[in-house]
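Source file: final-v9.cif. Holds: mmCIF, C-alpha atoms.
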```cif
data_upload
#
loop_
_atom_site.label_atom_id
_atom_site.label_comp_id
_atom_site.auth_asym_id
_atom_site.auth_seq_id
_atom_site.Cartn_x
_atom_site.Cartn_y
_atom_site.Cartn_z
CA MET K 1 13.21 -3.43 16.35
CA THR K 2 11.41 -0.77 18.35
CA GLY K 3 8.98 1.91 17.37
CA ASN K 4 7.53 5.13 18.65
CA ASN K 5 4.33 7.05 17.95
CA THR K 6 3.51 10.66 18.76
CA ASN K 7 0.02 12.13 18.86
CA ASN K 8 -1.28 8.72 19.84
CA ALA K 9 -4.91 9.69 19.36
CA ASP K 10 -4.23 10.26 15.66
CA THR K 11 -1.33 8.02 14.66
CA SER K 12 -1.91 4.74 16.50
CA THR K 13 -2.27 1.87 14.07
CA GLU K 14 -5.23 0.77 16.18
CA ASN K 15 -7.08 3.72 14.67
CA LYS K 16 -8.88 2.06 11.79
CA SER K 17 -10.95 5.09 10.83
CA LEU K 18 -10.12 5.03 7.15
CA ALA K 19 -13.41 6.60 6.08
CA ARG K 20 -14.89 10.03 6.74
CA GLN K 21 -18.46 11.26 6.45
CA HIS K 22 -19.15 13.94 3.85
CA PRO K 23 -22.46 15.56 2.84
CA ALA K 24 -23.63 14.60 -0.62
CA GLU K 25 -26.62 14.80 -2.93
CA ARG K 26 -27.87 11.66 -4.66
CA ALA K 27 -29.85 12.05 -7.87
CA SER K 28 -31.62 9.10 -9.48
CA TYR K 29 -34.60 8.23 -11.63
CA ILE K 30 -37.40 6.11 -10.20
CA VAL K 31 -39.87 4.20 -12.37
CA GLY K 32 -43.60 4.77 -11.89
CA PRO K 33 -46.12 2.03 -10.99
CA SER K 34 -46.73 1.17 -14.65
CA ALA K 35 -44.51 0.76 -17.64
CA GLN K 36 -46.16 3.77 -19.25
CA ALA K 37 -45.52 6.02 -16.27
CA LEU K 38 -42.82 8.59 -16.72
CA MET K 39 -39.61 8.24 -14.74
CA GLN K 40 -39.36 10.76 -11.93
CA LEU K 41 -36.22 12.43 -10.68
CA GLN K 42 -35.54 11.74 -7.02
CA VAL K 43 -33.02 13.75 -5.01
CA ASN K 44 -31.82 12.68 -1.56
CA HIS K 45 -29.42 14.48 0.75
CA ALA K 46 -27.31 12.27 2.98
CA TYR K 47 -23.83 11.72 4.32
CA GLU K 48 -21.53 9.48 2.28
CA SER K 49 -18.45 7.61 3.54
CA LEU K 50 -15.31 8.61 1.67
CA ALA K 51 -11.95 6.86 1.86
CA VAL K 52 -9.25 8.87 3.62
CA GLU K 53 -6.20 9.60 1.47
CA ALA K 54 -3.14 11.07 3.19
CA ALA K 55 0.36 12.11 2.22
CA ILE K 56 2.85 9.82 3.97
CA ALA K 57 6.35 11.29 3.94
CA LEU K 58 9.12 8.77 4.58
CA VAL K 59 12.27 10.24 6.12
CA ILE K 60 15.12 7.72 6.30
CA ASN K 61 17.99 8.61 8.64
CA GLY K 62 17.16 12.28 8.12
CA ILE K 63 16.92 11.95 4.33
CA HIS K 64 13.59 12.89 2.73
CA TYR K 65 13.16 9.82 0.56
CA ALA K 66 9.57 9.38 -0.66
CA VAL K 67 6.02 10.66 -0.38
CA LEU K 68 3.26 8.08 -0.71
CA MET K 69 -0.43 8.83 -1.09
CA ALA K 70 -1.95 6.16 1.14
CA SER K 71 -4.56 5.27 3.74
CA PRO K 72 -3.26 6.35 7.17
CA SER K 73 -3.33 2.97 8.90
CA ASP K 74 -0.65 0.38 9.67
CA LEU K 75 1.97 2.94 8.72
CA GLU K 76 4.81 1.01 10.36
CA TYR K 77 3.94 -2.02 8.21
CA LEU K 78 3.65 0.21 5.15
CA ALA K 79 7.10 1.70 5.79
CA LEU K 80 8.73 -1.66 6.48
CA GLY K 81 7.15 -3.29 3.43
CA PHE K 82 8.09 -0.32 1.24
CA LEU K 83 11.72 -0.43 2.39
CA TYR K 84 11.93 -4.15 1.65
CA SER K 85 10.07 -4.14 -1.66
CA GLU K 86 12.18 -1.20 -2.85
CA GLY K 87 15.33 -3.18 -2.06
CA LEU K 88 16.49 -0.76 0.65
CA ILE K 89 16.70 -3.42 3.37
CA GLN K 90 17.27 -7.16 3.30
CA HIS K 91 15.48 -8.05 6.54
CA SER K 92 13.36 -6.35 9.19
CA GLY K 93 16.24 -6.15 11.68
CA GLU K 94 17.88 -3.43 9.59
CA LEU K 95 15.06 -1.07 10.56
CA LEU K 96 16.13 -0.03 14.03
CA ASP K 97 13.38 2.41 14.96
CA TRP K 98 10.50 4.50 13.65
CA LYS K 99 8.40 7.43 14.72
CA ILE K 100 5.06 8.51 13.25
CA THR K 101 3.82 12.09 13.51
CA LYS K 102 0.57 13.50 12.17
CA LEU K 103 0.99 17.03 10.83
CA THR K 104 -1.56 19.77 11.39
CA PRO K 105 -1.48 23.50 10.54
CA GLU K 106 -0.44 24.08 14.17
CA SER K 107 2.45 21.57 14.07
CA ASN K 108 6.06 22.65 14.42
CA LEU K 109 7.23 21.81 10.90
CA THR K 110 10.82 23.02 11.24
CA PRO K 111 12.32 19.67 12.36
CA PHE K 112 10.99 18.03 9.19
CA MET K 113 12.27 20.58 6.69
CA ASP K 114 14.61 19.53 3.89
CA GLN K 115 17.60 21.82 4.22
CA ARG K 116 18.11 21.95 0.45
CA PHE K 117 15.13 24.28 0.08
CA ASP K 118 14.30 27.78 1.31
CA GLU K 119 12.97 26.97 4.75
CA SER K 120 10.85 30.06 5.34
CA ALA K 121 9.11 29.90 1.95
CA THR K 122 8.50 26.16 2.23
CA LEU K 123 7.10 26.48 5.75
CA GLN K 124 4.57 29.05 4.58
CA ILE K 125 3.47 26.84 1.70
CA LEU K 126 3.16 23.77 3.92
CA GLU K 127 1.09 25.59 6.51
CA GLN K 128 -1.36 26.56 3.78
CA GLN K 129 -1.45 23.09 2.23
CA LEU K 130 -2.17 21.41 5.56
CA GLN K 131 -5.50 23.22 5.57
CA ASP K 132 -6.53 20.91 2.71
CA TYR K 133 -4.40 17.79 3.05
CA GLU K 134 -3.88 15.17 5.72
CA ALA K 135 -0.20 14.41 6.17
CA TYR K 136 2.05 12.18 8.25
CA ILE K 137 5.80 12.05 8.74
CA VAL K 138 7.28 8.58 9.22
CA GLU K 139 10.85 8.90 10.49
CA LEU K 140 12.83 5.70 9.98
CA THR K 141 16.21 4.78 11.41
CA LEU K 142 18.22 2.16 9.49
CA ASN K 143 21.55 0.67 10.47
CA GLN K 144 24.72 2.33 9.24
CA ARG K 145 25.28 0.01 6.28
CA ARG K 146 21.85 0.66 4.81
CA HIS K 147 22.13 4.36 5.56
CA GLN K 148 25.29 4.53 3.45
CA GLN K 149 23.58 2.65 0.63
CA ILE K 150 20.69 5.11 0.59
CA GLN K 151 23.07 8.06 0.52
CA PHE K 152 24.76 6.48 -2.50
CA GLN K 153 21.56 5.92 -4.46
CA ARG K 154 19.65 8.90 -3.10
CA ARG K 155 16.64 9.89 -5.11
CA GLN K 156 13.33 11.62 -4.66
CA LEU K 157 10.24 9.56 -5.43
CA SER K 158 6.71 10.96 -5.44
CA GLY K 159 4.12 8.19 -5.28
CA ARG K 160 0.60 8.56 -6.57
CA THR K 161 -2.51 6.61 -5.73
CA GLY K 162 -2.65 3.59 -8.02
CA CYS K 163 0.81 4.21 -9.50
CA GLY K 164 3.79 2.76 -7.71
CA MET K 165 6.44 4.04 -10.11
CA CYS K 166 5.54 7.70 -10.57
CA GLY K 167 8.51 9.99 -10.03
CA MET K 168 11.21 7.37 -10.53
CA THR K 169 14.18 9.00 -12.14
CA GLY K 170 15.87 6.18 -14.01
CA LEU K 171 15.09 3.06 -15.98
CA SER K 172 17.54 1.11 -13.84
CA GLN K 173 15.33 1.83 -10.84
CA ALA K 174 12.04 1.21 -12.63
CA LEU K 175 13.31 -2.04 -14.16
CA PRO K 176 15.38 -3.64 -11.37
CA ASP K 177 17.44 -6.80 -11.65
CA LEU K 178 15.56 -9.43 -9.64
CA SER K 179 17.86 -12.37 -10.38
CA ALA K 180 18.90 -12.61 -6.72
CA TYR K 181 15.29 -13.41 -5.84
CA ARG K 182 14.70 -16.05 -8.50
CA CYS K 183 12.69 -19.06 -7.32
CA ASP K 184 12.19 -22.32 -9.21
CA GLY K 185 8.69 -22.68 -7.76
CA SER K 186 9.28 -26.31 -6.78
CA SER K 187 8.42 -25.65 -3.13
CA SER K 188 4.88 -24.43 -3.79
CA SER K 189 2.00 -26.20 -5.50
CA LYS K 190 -0.70 -24.46 -7.50
CA PRO K 191 -3.48 -23.27 -5.15
CA GLN K 192 -6.79 -25.08 -5.45
CA LEU K 193 -9.77 -23.21 -6.87
CA ASP K 194 -11.86 -24.02 -3.78
CA THR K 195 -9.20 -22.45 -1.54
CA LEU K 196 -9.07 -19.29 -3.64
CA LEU K 197 -12.84 -18.95 -3.76
CA GLU K 198 -12.99 -19.34 0.03
CA ILE K 199 -10.42 -16.56 0.45
CA ARG K 200 -12.33 -14.37 -1.98
CA GLU K 201 -15.55 -14.81 0.01
CA GLN K 202 -13.77 -13.99 3.28
CA ILE K 203 -12.25 -10.87 1.73
CA ALA K 204 -15.69 -9.70 0.60
CA ASN K 205 -16.97 -10.02 4.17
CA ALA K 206 -13.90 -8.50 5.82
CA GLN K 207 -13.20 -5.54 3.55
CA GLN K 208 -15.08 -3.06 5.70
CA THR K 209 -13.63 0.19 4.36
CA HIS K 210 -14.37 -0.82 0.78
CA GLN K 211 -17.93 -1.68 1.76
CA LEU K 212 -18.29 1.84 3.15
CA THR K 213 -16.51 3.77 0.41
CA GLY K 214 -16.01 1.60 -2.69
CA ALA K 215 -12.60 3.26 -3.04
CA VAL K 216 -9.91 1.03 -1.52
CA HIS K 217 -7.97 -2.07 -2.51
CA ALA K 218 -6.97 -4.96 -0.27
CA ALA K 219 -4.12 -7.44 0.03
CA ALA K 220 -4.99 -10.58 1.97
CA THR K 221 -3.63 -13.97 2.92
CA LEU K 222 -4.60 -16.98 4.97
CA TYR K 223 -2.24 -17.74 7.85
CA LYS K 224 -3.04 -20.72 10.09
CA GLY K 225 -6.57 -20.66 8.75
CA GLN K 226 -7.14 -17.00 9.64
CA LEU K 227 -7.59 -14.21 7.10
CA LYS K 228 -5.16 -11.31 7.39
CA LEU K 229 -6.21 -8.30 5.34
CA PHE K 230 -4.81 -4.82 4.74
CA GLU K 231 -6.73 -2.07 2.95
CA ASP K 232 -5.41 1.05 1.24
CA VAL K 233 -6.38 3.53 -1.44
CA GLY K 234 -3.31 2.30 -3.36
CA ARG K 235 -3.02 -1.37 -4.28
CA HIS K 236 0.76 -1.27 -4.02
CA ASN K 237 0.46 0.27 -0.52
CA ALA K 238 -1.89 -2.52 0.54
CA LEU K 239 0.66 -5.11 -0.57
CA ASP K 240 3.50 -3.25 1.18
CA LYS K 241 1.49 -3.30 4.42
CA LEU K 242 1.03 -7.04 4.15
CA ILE K 243 4.73 -7.53 3.33
CA GLY K 244 5.66 -5.38 6.32
CA TRP K 245 3.43 -7.48 8.58
CA GLN K 246 5.02 -10.65 7.17
CA LEU K 247 8.55 -9.36 7.77
CA ARG K 248 7.79 -8.05 11.24
CA HIS K 249 6.51 -11.45 12.35
CA LYS K 250 9.00 -13.49 10.26
CA LEU K 251 6.32 -15.53 8.51
CA GLU K 252 6.31 -17.65 5.36
CA LEU K 253 3.18 -17.29 3.23
CA ASP K 254 1.78 -19.48 0.47
CA LEU K 255 -0.13 -16.83 -1.44
CA VAL K 256 -1.52 -13.31 -1.42
CA VAL K 257 -4.81 -12.29 -3.00
CA MET K 258 -5.21 -8.74 -4.34
CA THR K 259 -8.57 -7.15 -5.06
CA SER K 260 -7.00 -5.25 -7.95
CA ARG K 261 -5.33 -5.89 -11.27
CA LEU K 262 -1.78 -7.26 -11.12
CA SER K 263 0.63 -4.70 -12.51
CA ILE K 264 4.40 -4.95 -12.77
CA GLU K 265 5.18 -3.23 -9.46
CA LEU K 266 3.04 -5.76 -7.59
CA ALA K 267 4.85 -8.64 -9.29
CA GLN K 268 8.21 -7.08 -8.40
CA LYS K 269 7.24 -6.72 -4.75
CA ALA K 270 6.00 -10.32 -4.60
CA ILE K 271 9.21 -11.61 -6.18
CA ARG K 272 11.37 -9.64 -3.74
CA CYS K 273 9.59 -11.15 -0.74
CA ARG K 274 9.78 -14.60 -2.40
CA LEU K 275 6.03 -15.03 -2.37
CA PRO K 276 5.05 -18.31 -4.10
CA TRP K 277 1.71 -17.10 -5.54
CA LEU K 278 0.12 -13.72 -6.25
CA VAL K 279 -3.56 -13.80 -7.22
CA GLY K 280 -5.69 -10.90 -8.44
CA MET K 281 -9.41 -10.42 -8.78
CA SER K 282 -8.77 -8.57 -12.02
CA ALA K 283 -6.32 -9.13 -14.88
CA PRO K 284 -2.52 -9.08 -14.84
CA THR K 285 -0.54 -7.04 -17.34
CA SER K 286 1.61 -8.76 -19.95
CA THR K 287 4.78 -7.44 -18.31
CA ALA K 288 3.73 -8.78 -14.91
CA VAL K 289 3.21 -12.25 -16.42
CA LYS K 290 6.52 -12.16 -18.26
CA VAL K 291 8.47 -11.13 -15.16
CA ALA K 292 6.60 -13.67 -13.00
CA GLN K 293 7.51 -16.47 -15.41
CA ARG K 294 11.14 -15.39 -15.52
CA TYR K 295 11.60 -15.32 -11.75
CA GLY K 296 9.35 -18.16 -10.64
CA LEU K 297 6.36 -16.28 -9.24
CA GLY K 298 3.01 -18.02 -9.53
CA LEU K 299 0.50 -15.59 -11.01
CA ALA K 300 -3.28 -15.90 -11.37
CA GLY K 301 -6.06 -13.44 -12.14
CA PHE K 302 -9.78 -13.01 -12.69
CA LEU K 303 -10.63 -14.60 -9.34
CA ARG K 304 -14.40 -14.34 -9.61
CA GLU K 305 -17.47 -16.09 -8.19
CA ASN K 306 -16.64 -19.50 -9.66
CA ARG K 307 -13.37 -19.29 -11.56
CA VAL K 308 -9.74 -18.24 -11.72
CA THR K 309 -7.20 -18.01 -14.54
CA PHE K 310 -3.62 -19.23 -14.04
CA TYR K 311 -0.91 -17.52 -16.09
CA THR K 312 2.19 -19.34 -14.83
CA ASP K 313 2.94 -22.93 -13.86
#
```

If you convert what's in this file into structure tokens, what do you get?
Amino acid sequence: MTGNNTNNADTSTENKSLARQHPAERASYIVGPSAQALMQLQVNHAYESLAVEAAIALVINGIHYAVLMASPSDLEYLALGFLYSEGLIQHSGELLDWKITKLTPESNLTPFMDQRFDESATLQILEQQLQDYEAYIVELTLNQRRHQQIQFQRRQLSGRTGCGMCGMTGLSQALPDLSAYRCDGSSSSKPQLDTLLEIREQIANAQQTHQLTGAVHAAATLYKGQLKLFEDVGRHNALDKLIGWQLRHKLELDLVVMTSRLSIELAQKAIRCRLPWLVGMSAPTSTAVKVAQRYGLGLAGFLRENRVTFYTD
């Protein structure tokens, strides 16, 4: 599998600038030197770090397939993980090539237009919108077999931050049959609490963008004793980036820790990549637990300072 980037200064995955400075005004009350002293209002002007959120348009073999609101880093991993977790490819070799382009108001937008719409009107709208939004086009080339499959099941999906299913047009797509990915769980033992707490501590130290902004999720794993972590404004995007990294390097993982709650789309993605254990720092939903039990995914939540809760065997 090969890949190409244009506008290297902006689109290289080495660019980890996922936060931008923005002027802000902080207002707070401060307590006087004695308990009887009145609280005083204090106002400070400073620059705050805000998480970058960009529109990532996935174009598969010329077909406009999906728009994800995501952090603009590791976009090749995001695309690969998305393709796999959506069931569009079975292995990384089916993605033959990719090209990432950052759009600006000065960009030539014509090559990226969807021919089903009025090109001139859409171009004018896009040029105006790019004054406000950051956008990237990720052009993906799949092999002929997968291309035919996508043409057969073509749909338009509009992702939203924190919601991996928004825009799905049918229950059959939102509630997929995962029986082909069923695992009996016999090959993976329950992770030890000490191991999980160690990972949690490493995540807290490594999650740099969240420390700056307080606005991103992370998906992380330990591989050969080293923490591998991906951050994104969307928890499902963070997991897709980690899945894409796993597929690209043909790795087998024991577990993934999410800094978020565990919703159904995260459980589905973990089941599709045959992940033994998915652990969250917040709670799972009832549907996520039910699906995890049915298909052999180990699920745990509430990974906190000194505890974790297991929901499956």

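The closest residue to His236 of chain K, picked from K:Leu251, K:Ala220, K:Ala46, K:Ala70 and counting all atoms listed in the file, is K:Ala70.
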
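Checking K:Val52, K:Met281, K:Met69, K:Leu18 one by one against Ala300 of chain K, counting all atoms listed in the file, you find the shortest gap at K:Met281.
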
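Each of K:Thr259, K:Thr285, K:Gln129, K:Thr309 was compared to Leu229 of chain K using all atoms listed in the file, and K:Thr259 turns out to be the nearest.
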
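Note that the spacing between atom CA of Glu94 of chain K and atom CA of Gln151 of chain K amounts to 15.5 Å.
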
Inset, instruction - Just say which residues the PyMOL selection byres ((chain K and resi 102) around 6) picks in this file, as a PyMOL selection string. - result: chain K and resi 101+103+136

Legend entry - Hits from the PyMOL selection byres ((chain K and resi 258) around 6), listed as JSON, numbers by chain: {"K": [218, 219, 257, 259, 260, 280]}

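Shortest separation to Trp245 of chain K among K:Ala204, K:Leu78, K:Ala292, K:Ile89 occurs at residue K:Leu78, atoms counted being all atoms listed in the file.
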
What box, with edges along x, y and z, holds each listed atom of segment 133-146 of chain K when 4 Å is added on every side, and can you state its centre and edge lengths in Å to one decimal, as AutoDock Vina command-line options?
```
--center_x 10.4 --center_y 8.9 --center_z 7.2 --size_x 37.7 --size_y 25.8 --size_z 16.4
```

Legend entry - Ground truth for the PyMOL selection byres ((chain K and resi 83) around 12), written as a ChimeraX atom specification: /K:58-60,65-66,76-82,84-95,140-142,146-147,150,237,240-241,243-244,247,269,272-273

Inset, instruction - Determine, counting all atoms listed in the file, which protein, DNA and RNA residues have an atom within 9 Å of an atom of Leu178 of chain K; residues of the same chain fewer than 6 positions away are not included. Present the result as a PyMOL selection string. - result: chain K and resi 268+271-272+295

Would you kindly return, as a compact mmCIF listing (two decimals) with C-alpha atoms, keeping the file's coordinate frame, each protein, DNA or RNA residue with an atom no farther than 10 Å from any atom of Gln208 of chain K, considering all atoms listed in the file and excluding same-chain residues fewer than 4 positions away?
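The resulting around09.txt:
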```
# COMPACT_ATOMS: atom_id res chain seq x y z
CA LEU K 18 -10.12 5.03 7.15
CA ALA K 19 -13.41 6.60 6.08
CA ILE K 203 -12.25 -10.87 1.73
CA ALA K 204 -15.69 -9.70 0.60
CA LEU K 212 -18.29 1.84 3.15
CA THR K 213 -16.51 3.77 0.41
CA GLY K 214 -16.01 1.60 -2.69
CA VAL K 216 -9.91 1.03 -1.52
CA GLU K 231 -6.73 -2.07 2.95
```

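The space separating atom CA of Leu123 of chain K from atom CA of Asp232 of chain K comes to 28.7 Å.
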
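In this model, the gap between atom CA of Tyr311 of chain K and atom CA of Gly225 of chain K comes to 25.7 Å.
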
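Every protein, DNA or RNA residue with an atom at most 7 Å from Ala54 of chain K, where only C-alpha atoms count and chain neighbours fewer than 6 positions away do not, is listed here: K:Met69, K:Ala70, K:Ser71, K:Pro72, K:Tyr133, K:Glu134, K:Ala135.
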
Would you save the residues of that selection, restricted to C-alpha atoms, as a PDB file, in the coordinates of the input?
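Output (out.pdb):
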```pdb
ATOM      1  CA  MET K  69      -0.430   8.830  -1.090  1.00  0.00           C
ATOM      2  CA  ALA K  70      -1.950   6.160   1.140  1.00  0.00           C
ATOM      3  CA  SER K  71      -4.560   5.270   3.740  1.00  0.00           C
ATOM      4  CA  PRO K  72      -3.260   6.350   7.170  1.00  0.00           C
ATOM      5  CA  TYR K 133      -4.400  17.790   3.050  1.00  0.00           C
ATOM      6  CA  GLU K 134      -3.880  15.170   5.720  1.00  0.00           C
ATOM      7  CA  ALA K 135      -0.200  14.410   6.170  1.00  0.00           C
TER       8      ALA K 135
END
```

Inset, instruction - Point out the residue among K:Ile264, K:Ala27, K:Ile137, K:Val279 with the least atom-to-atom distance to Gln192 of chain K, counting only C-alpha atoms. - result: K:Val279

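If you count all atoms listed in the file and ignore residues fewer than 2 places along the chain from Lys224 of chain K, what sits within 12 Å of it is Thr221, Leu222, Gln226, Leu227, Lys228, Leu251, Glu252, Leu253 and Asp254 of chain K.
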
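Checking K:Trp98, K:Ile199, K:Leu303, K:Val43 one by one against Arg261 of chain K, counting all atoms listed in the file, you find the shortest gap at K:Leu303.
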
Legend entry - Cut-off 7 Å around (-33.2, 14.4, -1.7) with all atoms listed in the file: residues as a ChimeraX atom specification: /K:25-26,42-45

Inset, instruction - Using all atoms listed in the file, determine which residues lie at most 8 Å from Val289 of chain K, disregarding the query and same-chain residues fewer than 5 positions distant; provide the list as number ranges by chain. - result: K: 284, 299, 311-312

Output C-alpha atoms of each residue in that selection to a file, as an mmCIF file, in the coordinates of the input.
```cif
data_model
loop_
_atom_site.group_PDB
_atom_site.id
_atom_site.type_symbol
_atom_site.label_atom_id
_atom_site.label_comp_id
_atom_site.auth_asym_id
_atom_site.auth_seq_id
_atom_site.Cartn_x
_atom_site.Cartn_y
_atom_site.Cartn_z
ATOM 1 C CA PRO K 284 -2.520 -9.080 -14.840
ATOM 2 C CA LEU K 299 0.500 -15.590 -11.010
ATOM 3 C CA TYR K 311 -0.910 -17.520 -16.090
ATOM 4 C CA THR K 312 2.190 -19.340 -14.830
#
```
